[in-house]
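S.K.: Handing over protein22.pdb, PDB, C-alpha atoms.
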ATOM      1  CA  MET A   1      23.128  24.569  22.577  1.00  0.00           C
ATOM      2  CA  ALA A   2      21.995  27.417  20.303  1.00  0.00           C
ATOM      3  CA  GLU A   3      19.722  26.788  17.315  1.00  0.00           C
ATOM      4  CA  ARG A   4      21.739  25.858  14.253  1.00  0.00           C
ATOM      5  CA  THR A   5      19.892  28.318  12.061  1.00  0.00           C
ATOM      6  CA  ASP A   6      20.744  31.166  14.451  1.00  0.00           C
ATOM      7  CA  ASN A   7      24.496  30.652  14.546  1.00  0.00           C
ATOM      8  CA  GLY A   8      25.107  29.421  11.001  1.00  0.00           C
ATOM      9  CA  ILE A   9      26.568  25.983  11.766  1.00  0.00           C
ATOM     10  CA  LYS A  10      26.642  23.918   8.579  1.00  0.00           C
ATOM     11  CA  ALA A  11      28.504  20.836   9.805  1.00  0.00           C
ATOM     12  CA  ARG A  12      29.556  19.213  13.050  1.00  0.00           C
ATOM     13  CA  VAL A  13      32.607  17.005  13.356  1.00  0.00           C
ATOM     14  CA  VAL A  14      34.001  14.951  16.214  1.00  0.00           C
ATOM     15  CA  LEU A  15      37.697  14.125  15.988  1.00  0.00           C
ATOM     16  CA  GLN A  16      39.032  11.122  17.870  1.00  0.00           C
ATOM     17  CA  GLN A  17      42.751  10.503  18.064  1.00  0.00           C
ATOM     18  CA  CYS A  18      43.360   6.772  17.913  1.00  0.00           C
ATOM     19  CA  ILE A  19      46.026   4.125  18.093  1.00  0.00           C
ATOM     20  CA  HIS A  20      44.015   1.593  16.109  1.00  0.00           C
ATOM     21  CA  ALA A  21      40.584   1.616  14.567  1.00  0.00           C
ATOM     22  CA  ARG A  22      38.652  -0.931  12.628  1.00  0.00           C
ATOM     23  CA  LEU A  23      37.726  -0.563   9.595  1.00  0.00           C
ATOM     24  CA  GLN A  24      41.468  -1.324   9.987  1.00  0.00           C
ATOM     25  CA  ILE A  25      43.698   1.711   9.755  1.00  0.00           C
ATOM     26  CA  ASN A  26      47.145   2.653  10.948  1.00  0.00           C
ATOM     27  CA  ARG A  27      47.766   5.256  13.592  1.00  0.00           C
ATOM     28  CA  GLY A  28      45.803   8.367  12.789  1.00  0.00           C
ATOM     29  CA  MET A  29      42.398   9.824  13.487  1.00  0.00           C
ATOM     30  CA  VAL A  30      38.722   9.077  13.233  1.00  0.00           C
ATOM     31  CA  ILE A  31      36.429  11.799  11.905  1.00  0.00           C
ATOM     32  CA  TYR A  32      32.716  11.475  12.713  1.00  0.00           C
ATOM     33  CA  ILE A  33      30.830  13.878  10.449  1.00  0.00           C
ATOM     34  CA  CYS A  34      27.316  15.277  10.151  1.00  0.00           C
ATOM     35  CA  PHE A  35      26.041  17.939   7.742  1.00  0.00           C
ATOM     36  CA  PHE A  36      23.181  20.286   8.572  1.00  0.00           C
ATOM     37  CA  GLN A  37      20.563  21.913   6.371  1.00  0.00           C
ATOM     38  CA  GLY A  38      22.121  24.709   4.342  1.00  0.00           C
ATOM     39  CA  ALA A  39      25.549  23.076   4.060  1.00  0.00           C
ATOM     40  CA  THR A  40      27.151  23.352   0.618  1.00  0.00           C
ATOM     41  CA  GLU A  41      30.325  22.089  -1.021  1.00  0.00           C
ATOM     42  CA  ASP A  42      32.113  25.400  -0.467  1.00  0.00           C
ATOM     43  CA  ILE A  43      32.662  24.504   3.208  1.00  0.00           C
ATOM     44  CA  ILE A  44      34.452  21.211   2.424  1.00  0.00           C
ATOM     45  CA  PRO A  45      37.969  22.571   1.634  1.00  0.00           C
ATOM     46  CA  LYS A  46      38.059  24.538   4.901  1.00  0.00           C
ATOM     47  CA  MET A  47      36.879  21.510   6.861  1.00  0.00           C
ATOM     48  CA  VAL A  48      39.463  19.196   5.302  1.00  0.00           C
ATOM     49  CA  ALA A  49      42.339  21.657   5.754  1.00  0.00           C
ATOM     50  CA  THR A  50      41.390  22.329   9.375  1.00  0.00           C
ATOM     51  CA  LEU A  51      40.871  18.699  10.351  1.00  0.00           C
ATOM     52  CA  LEU A  52      43.887  17.151   8.629  1.00  0.00           C
ATOM     53  CA  ASN A  53      46.244  19.842   9.937  1.00  0.00           C
ATOM     54  CA  MET A  54      45.012  19.704  13.551  1.00  0.00           C
ATOM     55  CA  LYS A  55      47.894  18.616  15.815  1.00  0.00           C
ATOM     56  CA  LEU A  56      46.162  15.867  17.803  1.00  0.00           C
ATOM     57  CA  CYS A  57      48.389  12.824  17.379  1.00  0.00           C
ATOM     58  CA  GLU A  58      50.921  12.338  20.161  1.00  0.00           C
ATOM     59  CA  THR A  59      54.330  11.106  19.006  1.00  0.00           C
ATOM     60  CA  SER A  60      56.762   8.974  20.996  1.00  0.00           C
ATOM     61  CA  THR A  61      58.564  12.173  22.072  1.00  0.00           C
ATOM     62  CA  GLY A  62      55.383  13.639  23.584  1.00  0.00           C
ATOM     63  CA  LYS A  63      55.033  16.225  20.838  1.00  0.00           C
ATOM     64  CA  TYR A  64      51.785  16.497  18.857  1.00  0.00           C
ATOM     65  CA  ASP A  65      51.630  16.219  15.086  1.00  0.00           C
ATOM     66  CA  SER A  66      48.849  16.397  12.530  1.00  0.00           C
ATOM     67  CA  VAL A  67      47.776  13.281  10.677  1.00  0.00           C
ATOM     68  CA  LEU A  68      49.569  14.723   7.627  1.00  0.00           C
ATOM     69  CA  GLU A  69      52.837  15.065   9.551  1.00  0.00           C
ATOM     70  CA  LEU A  70      52.860  11.565  11.083  1.00  0.00           C
ATOM     71  CA  PRO A  71      52.012  10.359   8.401  1.00  0.00           C
ATOM     72  CA  GLY A  72      48.828   8.728   9.549  1.00  0.00           C
ATOM     73  CA  SER A  73      45.605   7.317   8.236  1.00  0.00           C
ATOM     74  CA  VAL A  74      42.081   8.657   8.492  1.00  0.00           C
ATOM     75  CA  LEU A  75      38.817   6.850   9.112  1.00  0.00           C
ATOM     76  CA  ILE A  76      35.716   8.880   8.214  1.00  0.00           C
ATOM     77  CA  VAL A  77      32.440   7.814   9.815  1.00  0.00           C
ATOM     78  CA  PRO A  78      29.151   9.424   8.771  1.00  0.00           C
ATOM     79  CA  GLN A  79      27.340  10.186  12.011  1.00  0.00           C
ATOM     80  CA  ALA A  80      23.900  11.741  11.564  1.00  0.00           C
ATOM     81  CA  THR A  81      23.285  11.464  15.301  1.00  0.00           C
ATOM     82  CA  LEU A  82      25.656  14.411  15.808  1.00  0.00           C
ATOM     83  CA  GLY A  83      22.794  16.542  14.506  1.00  0.00           C
ATOM     84  CA  GLY A  84      20.302  15.313  17.067  1.00  0.00           C
ATOM     85  CA  ARG A  85      18.490  17.563  19.490  1.00  0.00           C
ATOM     86  CA  PRO A  86      16.528  16.356  22.505  1.00  0.00           C
ATOM     87  CA  LYS A  87      12.775  16.771  22.520  1.00  0.00           C
ATOM     88  CA  GLY A  88      11.256  15.264  25.591  1.00  0.00           C
ATOM     89  CA  LYS A  89      12.680  11.774  26.002  1.00  0.00           C
ATOM     90  CA  ARG A  90      13.558  11.360  22.321  1.00  0.00           C
ATOM     91  CA  MET A  91      16.066  12.772  19.879  1.00  0.00           C
ATOM     92  CA  GLN A  92      15.039  14.590  16.707  1.00  0.00           C
ATOM     93  CA  TYR A  93      17.139  15.201  13.620  1.00  0.00           C
ATOM     94  CA  HIS A  94      15.155  17.867  11.762  1.00  0.00           C
ATOM     95  CA  GLY A  95      18.226  20.091  11.353  1.00  0.00           C
ATOM     96  CA  ASN A  96      20.200  17.491   9.401  1.00  0.00           C
ATOM     97  CA  ILE A  97      20.696  17.834   5.681  1.00  0.00           C
ATOM     98  CA  GLY A  98      18.631  15.621   3.352  1.00  0.00           C
ATOM     99  CA  LYS A  99      20.050  12.195   2.551  1.00  0.00           C
ATOM    100  CA  ASP A 100      20.853  12.888  -1.138  1.00  0.00           C
ATOM    101  CA  GLU A 101      22.515  16.240  -0.432  1.00  0.00           C
ATOM    102  CA  GLY A 102      24.375  14.759   2.540  1.00  0.00           C
ATOM    103  CA  LEU A 103      25.675  11.871   0.446  1.00  0.00           C
ATOM    104  CA  LYS A 104      27.029  14.294  -2.151  1.00  0.00           C
ATOM    105  CA  LEU A 105      28.811  16.387   0.505  1.00  0.00           C
ATOM    106  CA  TYR A 106      30.124  13.270   2.236  1.00  0.00           C
ATOM    107  CA  ASP A 107      31.554  11.898  -1.031  1.00  0.00           C
ATOM    108  CA  THR A 108      33.214  15.253  -1.749  1.00  0.00           C
ATOM    109  CA  PHE A 109      34.647  15.357   1.781  1.00  0.00           C
ATOM    110  CA  VAL A 110      36.052  11.818   1.486  1.00  0.00           C
ATOM    111  CA  SER A 111      37.576  12.546  -1.962  1.00  0.00           C
ATOM    112  CA  LEU A 112      39.277  15.725  -0.784  1.00  0.00           C
ATOM    113  CA  CYS A 113      40.663  13.970   2.309  1.00  0.00           C
ATOM    114  CA  GLN A 114      42.059  11.237   0.044  1.00  0.00           C
ATOM    115  CA  SER A 115      43.681  13.813  -2.249  1.00  0.00           C
ATOM    116  CA  GLU A 116      45.254  15.766   0.615  1.00  0.00           C
ATOM    117  CA  LEU A 117      46.577  12.679   2.371  1.00  0.00           C
ATOM    118  CA  SER A 118      48.076  11.167  -0.775  1.00  0.00           C
ATOM    119  CA  ALA A 119      49.717  14.508  -1.654  1.00  0.00           C
ATOM    120  CA  CYS A 120      51.582  14.432   1.686  1.00  0.00           C
ATOM    121  CA  GLN A 121      52.423  10.730   1.679  1.00  0.00           C
ATOM    122  CA  LYS A 122      56.095   9.881   1.954  1.00  0.00           C
ATOM    123  CA  THR A 123      57.367   7.084  -0.270  1.00  0.00           C
ATOM    124  CA  ASP A 124      58.380   4.791   2.609  1.00  0.00           C
ATOM    125  CA  THR A 125      55.091   4.990   4.519  1.00  0.00           C
ATOM    126  CA  PHE A 126      51.612   3.582   4.140  1.00  0.00           C
ATOM    127  CA  THR A 127      48.661   5.860   4.770  1.00  0.00           C
ATOM    128  CA  GLU A 128      45.072   5.653   3.673  1.00  0.00           C
ATOM    129  CA  VAL A 129      41.630   7.126   4.012  1.00  0.00           C
ATOM    130  CA  LYS A 130      38.932   4.633   4.848  1.00  0.00           C
ATOM    131  CA  HIS A 131      35.314   5.558   5.229  1.00  0.00           C
ATOM    132  CA  GLY A 132      31.976   4.188   6.215  1.00  0.00           C
ATOM    133  CA  THR A 133      28.938   4.003   3.985  1.00  0.00           C
ATOM    134  CA  TYR A 134      26.738   7.091   4.164  1.00  0.00           C
ATOM    135  CA  GLY A 135      23.225   6.375   5.426  1.00  0.00           C
ATOM    136  CA  ASN A 136      23.980   2.917   6.880  1.00  0.00           C
ATOM    137  CA  ARG A 137      24.601   1.770  10.437  1.00  0.00           C
ATOM    138  CA  GLN A 138      28.085   0.388  10.861  1.00  0.00           C
ATOM    139  CA  VAL A 139      30.023  -1.486  13.503  1.00  0.00           C
ATOM    140  CA  LEU A 140      33.161   0.299  14.649  1.00  0.00           C
ATOM    141  CA  LYS A 141      35.933  -1.080  16.811  1.00  0.00           C
ATOM    142  CA  LEU A 142      38.293   1.549  18.178  1.00  0.00           C
ATOM    143  CA  ASP A 143      41.383   1.446  20.366  1.00  0.00           C
ATOM    144  CA  THR A 144      42.584   4.736  21.759  1.00  0.00           C
ATOM    145  CA  ASN A 145      45.157   5.794  24.310  1.00  0.00           C
ATOM    146  CA  GLY A 146      42.601   7.775  26.261  1.00  0.00           C
ATOM    147  CA  PRO A 147      39.453   9.767  25.730  1.00  0.00           C
ATOM    148  CA  TYR A 148      40.813  12.438  23.448  1.00  0.00           C
ATOM    149  CA  THR A 149      37.747  13.587  21.569  1.00  0.00           C
ATOM    150  CA  HIS A 150      37.175  17.067  20.146  1.00  0.00           C
ATOM    151  CA  LEU A 151      33.965  18.656  18.860  1.00  0.00           C
ATOM    152  CA  MET A 152      34.319  21.108  15.972  1.00  0.00           C
ATOM    153  CA  GLU A 153      31.632  23.048  14.141  1.00  0.00           C
ATOM    154  CA  PHE A 154      31.866  24.708  10.756  1.00  0.00           C
TER
END
Can the structure from this file be put into structure tokens for me?
M.R.:
Amino acid sequence: MAERTDNGIKARVVLQQCIHARLQINRGMVIYICFFQGATEDIIPKMVATLLNMKLCETSTGKYDSVLELPGSVLIVPQATLGGRPKGKRMQYHGNIGKDEGLKLYDTFVSLCQSELSACQKTDTFTEVKHGTYGNRQVLKLDTNGPYTHLMEF
């Protein structure tokens, strides 16, 4: 993997299509997110638009829809370990953004996801954005219909 500072990556996201996840959500997707040094709020709208419109969720007809088209729910999990780099037998996280700056970006990301999802919500459906607590370890239970994980960098 190339150095983050050389290729300009400001955030790394792993998308996981799911059938059921706990913190309890409906059908939708899980977004694991990590911000790197140099990330700013101006990247958030592009990230949200890209992630929420990605056609990853398989429908009963075999077609793929975005979480906005289902409609579906979103679980956002802060995952600083996505920024880890091996050094010897250990992982180091020197490229990650500072905790205070990361919390601000994470809160902005969560808020924009909530706004976008509620703007697309149909009156007869229930969708929601749930999210973990930034900076804390959390227990996650996830049911999926197969390993369907995607790495995206912004």
S.K.: Find the smallest box with edges along x, y and z containing every listed atom of region 46-58 of chain A, then add 5 Å on each side and report centre and edge lengths in Å to one decimal, as AutoDock Vina command-line options.
M.R.:
--center_x 43.9 --center_y 18.4 --center_z 12.5 --size_x 24.0 --size_y 22.2 --size_z 25.3
S.K.: With distances taken over all atoms listed in the file, which of A:Gly98, A:Gly62, A:Gly132, A:Pro45 is nearest to Gly83 (chain A)?
M.R.: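 Closest candidate: A:Gly98.
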S.K.: Can you write out as a Markdown table which residues of region 5-104 of chain A fall within 12 Å of region 117-131 of chain A, alongside each residue's closest atom pair and its distance in Å to one decimal, counting all atoms listed in the file and ordering rows by chain and ascending residue number?
M.R.:
| residue | atom | partner | partner_atom | distance |
| --- | --- | --- | --- | --- |
| A:Ala21 | CA | A:Lys130 | CA | 10.3 |
| A:Arg22 | CA | A:Lys130 | CA | 9.6 |
| A:Leu23 | CA | A:Lys130 | CA | 7.1 |
| A:Gln24 | CA | A:Lys130 | CA | 8.3 |
| A:Ile25 | CA | A:Glu128 | CA | 7.4 |
| A:Asn26 | CA | A:Thr127 | CA | 7.1 |
| A:Arg27 | CA | A:Thr127 | CA | 8.9 |
| A:Gly28 | CA | A:Thr127 | CA | 8.9 |
| A:Met29 | CA | A:Val129 | CA | 9.9 |
| A:Val30 | CA | A:His131 | CA | 9.4 |
| A:Ile31 | CA | A:His131 | CA | 9.2 |
| A:Tyr32 | CA | A:His131 | CA | 9.9 |
| A:Ile33 | CA | A:His131 | CA | 10.8 |
| A:Val48 | CA | A:Leu117 | CA | 10.1 |
| A:Ala49 | CA | A:Leu117 | CA | 10.5 |
| A:Leu51 | CA | A:Leu117 | CA | 11.5 |
| A:Leu52 | CA | A:Leu117 | CA | 8.1 |
| A:Asn53 | CA | A:Leu117 | CA | 10.4 |
| A:Ser66 | CA | A:Leu117 | CA | 11.1 |
| A:Val67 | CA | A:Leu117 | CA | 8.4 |
| A:Leu68 | CA | A:Cys120 | CA | 6.3 |
| A:Glu69 | CA | A:Cys120 | CA | 8.0 |
| A:Leu70 | CA | A:Gln121 | CA | 9.5 |
| A:Pro71 | CA | A:Thr127 | CA | 6.7 |
| A:Gly72 | CA | A:Thr127 | CA | 5.6 |
| A:Ser73 | CA | A:Thr127 | CA | 4.8 |
| A:Val74 | CA | A:Val129 | CA | 4.8 |
| A:Leu75 | CA | A:Lys130 | CA | 4.8 |
| A:Ile76 | CA | A:His131 | CA | 4.5 |
| A:Val77 | CA | A:His131 | CA | 5.9 |
| A:Pro78 | CA | A:His131 | CA | 8.1 |
| A:Gln79 | CA | A:His131 | CA | 11.4 |
S.K.: Name the residues within 8 Å of (28.3, 6.3, 2.2), counting only C-alpha atoms in the file's coordinates, and put them as a list in words.
M.R.: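 So the residues meeting the distance criterion are Pro78, Leu103, Tyr106, Asp107, His131, Gly132, Thr133, Tyr134, Gly135 and Asn136 of chain A.
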S.K.: To verify the selection step, state as a PyMOL selection string which residues the PyMOL selection byres ((chain A and resi 38) around 8) yields on this input.
M.R.: chain A and resi 10+36-37+39-40+97
S.K.: Enter the distance from CA of Cys18 (chain A) to CA of Leu82 (chain A), in Å, rounded to one decimal.
M.R.: 19.4 Å
S.K.: Within 7 Å of (33.0, 20.0, 10.0) (coordinates as in the file), grab all the protein and nucleic acid residues, counting all atoms listed in the file, and write them out as a PyMOL selection string.
M.R.: chain A and resi 11-13+33+47+152-154
S.K.: In Å, how far is it from CA of Leu140 (chain A) to CA of Ser60 (chain A)?
M.R.: 25.9 Å
S.K.: Using Å and a single decimal, report how far CA of Cys34 (chain A) sits from CA of Ala80 (chain A).
M.R.: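 Distance between the two atoms: 5.1 Å.
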S.K.: Which of these, A:Lys55, A:Arg137, A:Lys104, A:Lys63, has the shortest distance to Gln16 (chain A) once you count all atoms listed in the file?
M.R.: A:Lys55
S.K.: Tell me which protein, DNA and RNA residues are within 10 Å of Gln92 (chain A), counting all atoms listed in the file, leaving out same-chain ones fewer than 6 positions away, and put them as JSON, numbers by chain.
M.R.: {"A": [81, 83, 84, 85, 86]}
S.K.: Using all atoms listed in the file for the distances, tell me which of A:Tyr64, A:Thr108, A:Cys113, A:Asp100 is nearest to Thr50 (chain A).
M.R.: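 Nearest candidate to Thr50 (chain A) out of A:Tyr64, A:Thr108, A:Cys113, A:Asp100: A:Cys113.
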S.K.: Taking N, CA, C and O atoms as the atom set, what does region 42-66 of chain A look like once completed, written as a PDB file, in the frame of the given file?
M.R.:
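Just written: out-v2.pdb:
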ATOM      1  N   ASP A  42      31.079  24.393  -0.688  1.00  0.00           N
ATOM      2  CA  ASP A  42      32.113  25.400  -0.467  1.00  0.00           C
ATOM      3  C   ASP A  42      32.738  25.322   0.925  1.00  0.00           C
ATOM      4  O   ASP A  42      33.834  25.835   1.143  1.00  0.00           O
ATOM      5  N   ILE A  43      32.098  24.641   1.864  1.00  0.00           N
ATOM      6  CA  ILE A  43      32.662  24.504   3.208  1.00  0.00           C
ATOM      7  C   ILE A  43      33.675  23.352   3.302  1.00  0.00           C
ATOM      8  O   ILE A  43      34.497  23.312   4.202  1.00  0.00           O
ATOM      9  N   ILE A  44      33.633  22.433   2.359  1.00  0.00           N
ATOM     10  CA  ILE A  44      34.452  21.211   2.424  1.00  0.00           C
ATOM     11  C   ILE A  44      35.957  21.500   2.458  1.00  0.00           C
ATOM     12  O   ILE A  44      36.660  20.948   3.306  1.00  0.00           O
ATOM     13  N   PRO A  45      36.512  22.338   1.571  1.00  0.00           N
ATOM     14  CA  PRO A  45      37.969  22.571   1.634  1.00  0.00           C
ATOM     15  C   PRO A  45      38.440  23.106   2.986  1.00  0.00           C
ATOM     16  O   PRO A  45      39.487  22.681   3.492  1.00  0.00           O
ATOM     17  N   LYS A  46      37.681  24.009   3.585  1.00  0.00           N
ATOM     18  CA  LYS A  46      38.059  24.538   4.901  1.00  0.00           C
ATOM     19  C   LYS A  46      38.023  23.434   5.951  1.00  0.00           C
ATOM     20  O   LYS A  46      38.912  23.332   6.797  1.00  0.00           O
ATOM     21  N   MET A  47      36.995  22.601   5.901  1.00  0.00           N
ATOM     22  CA  MET A  47      36.879  21.510   6.861  1.00  0.00           C
ATOM     23  C   MET A  47      38.060  20.562   6.744  1.00  0.00           C
ATOM     24  O   MET A  47      38.697  20.217   7.741  1.00  0.00           O
ATOM     25  N   VAL A  48      38.374  20.150   5.522  1.00  0.00           N
ATOM     26  CA  VAL A  48      39.463  19.196   5.302  1.00  0.00           C
ATOM     27  C   VAL A  48      40.793  19.791   5.757  1.00  0.00           C
ATOM     28  O   VAL A  48      41.566  19.145   6.476  1.00  0.00           O
ATOM     29  N   ALA A  49      41.077  21.017   5.364  1.00  0.00           N
ATOM     30  CA  ALA A  49      42.339  21.657   5.754  1.00  0.00           C
ATOM     31  C   ALA A  49      42.443  21.764   7.275  1.00  0.00           C
ATOM     32  O   ALA A  49      43.491  21.453   7.863  1.00  0.00           O
ATOM     33  N   THR A  50      41.374  22.181   7.919  1.00  0.00           N
ATOM     34  CA  THR A  50      41.390  22.329   9.375  1.00  0.00           C
ATOM     35  C   THR A  50      41.599  20.990  10.062  1.00  0.00           C
ATOM     36  O   THR A  50      42.453  20.857  10.942  1.00  0.00           O
ATOM     37  N   LEU A  51      40.838  19.991   9.667  1.00  0.00           N
ATOM     38  CA  LEU A  51      40.871  18.699  10.351  1.00  0.00           C
ATOM     39  C   LEU A  51      42.178  17.951  10.138  1.00  0.00           C
ATOM     40  O   LEU A  51      42.752  17.408  11.082  1.00  0.00           O
ATOM     41  N   LEU A  52      42.668  17.910   8.913  1.00  0.00           N
ATOM     42  CA  LEU A  52      43.887  17.151   8.629  1.00  0.00           C
ATOM     43  C   LEU A  52      45.148  17.825   9.164  1.00  0.00           C
ATOM     44  O   LEU A  52      46.164  17.166   9.360  1.00  0.00           O
ATOM     45  N   ASN A  53      45.086  19.124   9.408  1.00  0.00           N
ATOM     46  CA  ASN A  53      46.244  19.842   9.937  1.00  0.00           C
ATOM     47  C   ASN A  53      46.202  20.043  11.450  1.00  0.00           C
ATOM     48  O   ASN A  53      47.133  20.604  12.026  1.00  0.00           O
ATOM     49  N   MET A  54      45.130  19.577  12.106  1.00  0.00           N
ATOM     50  CA  MET A  54      45.012  19.704  13.551  1.00  0.00           C
ATOM     51  C   MET A  54      46.041  18.807  14.232  1.00  0.00           C
ATOM     52  O   MET A  54      46.117  17.615  13.948  1.00  0.00           O
ATOM     53  N   LYS A  55      46.835  19.371  15.128  1.00  0.00           N
ATOM     54  CA  LYS A  55      47.894  18.616  15.815  1.00  0.00           C
ATOM     55  C   LYS A  55      47.304  17.874  17.020  1.00  0.00           C
ATOM     56  O   LYS A  55      47.321  18.377  18.136  1.00  0.00           O
ATOM     57  N   LEU A  56      46.809  16.669  16.769  1.00  0.00           N
ATOM     58  CA  LEU A  56      46.162  15.867  17.803  1.00  0.00           C
ATOM     59  C   LEU A  56      46.898  14.578  18.124  1.00  0.00           C
ATOM     60  O   LEU A  56      46.626  13.947  19.137  1.00  0.00           O
ATOM     61  N   CYS A  57      47.775  14.142  17.250  1.00  0.00           N
ATOM     62  CA  CYS A  57      48.389  12.824  17.379  1.00  0.00           C
ATOM     63  C   CYS A  57      49.703  12.911  18.149  1.00  0.00           C
ATOM     64  O   CYS A  57      50.670  13.522  17.689  1.00  0.00           O
ATOM     65  N   GLU A  58      49.728  12.291  19.320  1.00  0.00           N
ATOM     66  CA  GLU A  58      50.921  12.338  20.161  1.00  0.00           C
ATOM     67  C   GLU A  58      51.994  11.400  19.607  1.00  0.00           C
ATOM     68  O   GLU A  58      51.727  10.239  19.302  1.00  0.00           O
ATOM     69  N   THR A  59      53.208  11.906  19.491  1.00  0.00           N
ATOM     70  CA  THR A  59      54.330  11.106  19.006  1.00  0.00           C
ATOM     71  C   THR A  59      55.042  10.467  20.197  1.00  0.00           C
ATOM     72  O   THR A  59      54.723  10.757  21.354  1.00  0.00           O
ATOM     73  N   SER A  60      56.018   9.640  19.923  1.00  0.00           N
ATOM     74  CA  SER A  60      56.762   8.974  20.996  1.00  0.00           C
ATOM     75  C   SER A  60      57.558   9.963  21.839  1.00  0.00           C
ATOM     76  O   SER A  60      57.918   9.666  22.973  1.00  0.00           O
ATOM     77  N   THR A  61      57.824  11.145  21.325  1.00  0.00           N
ATOM     78  CA  THR A  61      58.564  12.173  22.072  1.00  0.00           C
ATOM     79  C   THR A  61      57.644  13.057  22.916  1.00  0.00           C
ATOM     80  O   THR A  61      58.125  13.947  23.611  1.00  0.00           O
ATOM     81  N   GLY A  62      56.326  12.838  22.830  1.00  0.00           N
ATOM     82  CA  GLY A  62      55.383  13.639  23.584  1.00  0.00           C
ATOM     83  C   GLY A  62      54.909  14.874  22.843  1.00  0.00           C
ATOM     84  O   GLY A  62      54.060  15.611  23.319  1.00  0.00           O
ATOM     85  N   LYS A  63      55.443  15.099  21.673  1.00  0.00           N
ATOM     86  CA  LYS A  63      55.033  16.225  20.838  1.00  0.00           C
ATOM     87  C   LYS A  63      53.771  15.808  20.069  1.00  0.00           C
ATOM     88  O   LYS A  63      53.507  14.632  19.891  1.00  0.00           O
ATOM     89  N   TYR A  64      53.001  16.786  19.618  1.00  0.00           N
ATOM     90  CA  TYR A  64      51.785  16.497  18.857  1.00  0.00           C
ATOM     91  C   TYR A  64      51.973  16.888  17.401  1.00  0.00           C
ATOM     92  O   TYR A  64      52.504  17.955  17.101  1.00  0.00           O
ATOM     93  N   ASP A  65      51.556  15.991  16.523  1.00  0.00           N
ATOM     94  CA  ASP A  65      51.630  16.219  15.086  1.00  0.00           C
ATOM     95  C   ASP A  65      50.243  16.067  14.469  1.00  0.00           C
ATOM     96  O   ASP A  65      49.367  15.429  15.048  1.00  0.00           O
ATOM     97  N   SER A  66      50.087  16.608  13.287  1.00  0.00           N
ATOM     98  CA  SER A  66      48.849  16.397  12.530  1.00  0.00           C
ATOM     99  C   SER A  66      48.933  15.037  11.854  1.00  0.00           C
ATOM    100  O   SER A  66      50.013  14.441  11.733  1.00  0.00           O
TER     101      SER A  66
END
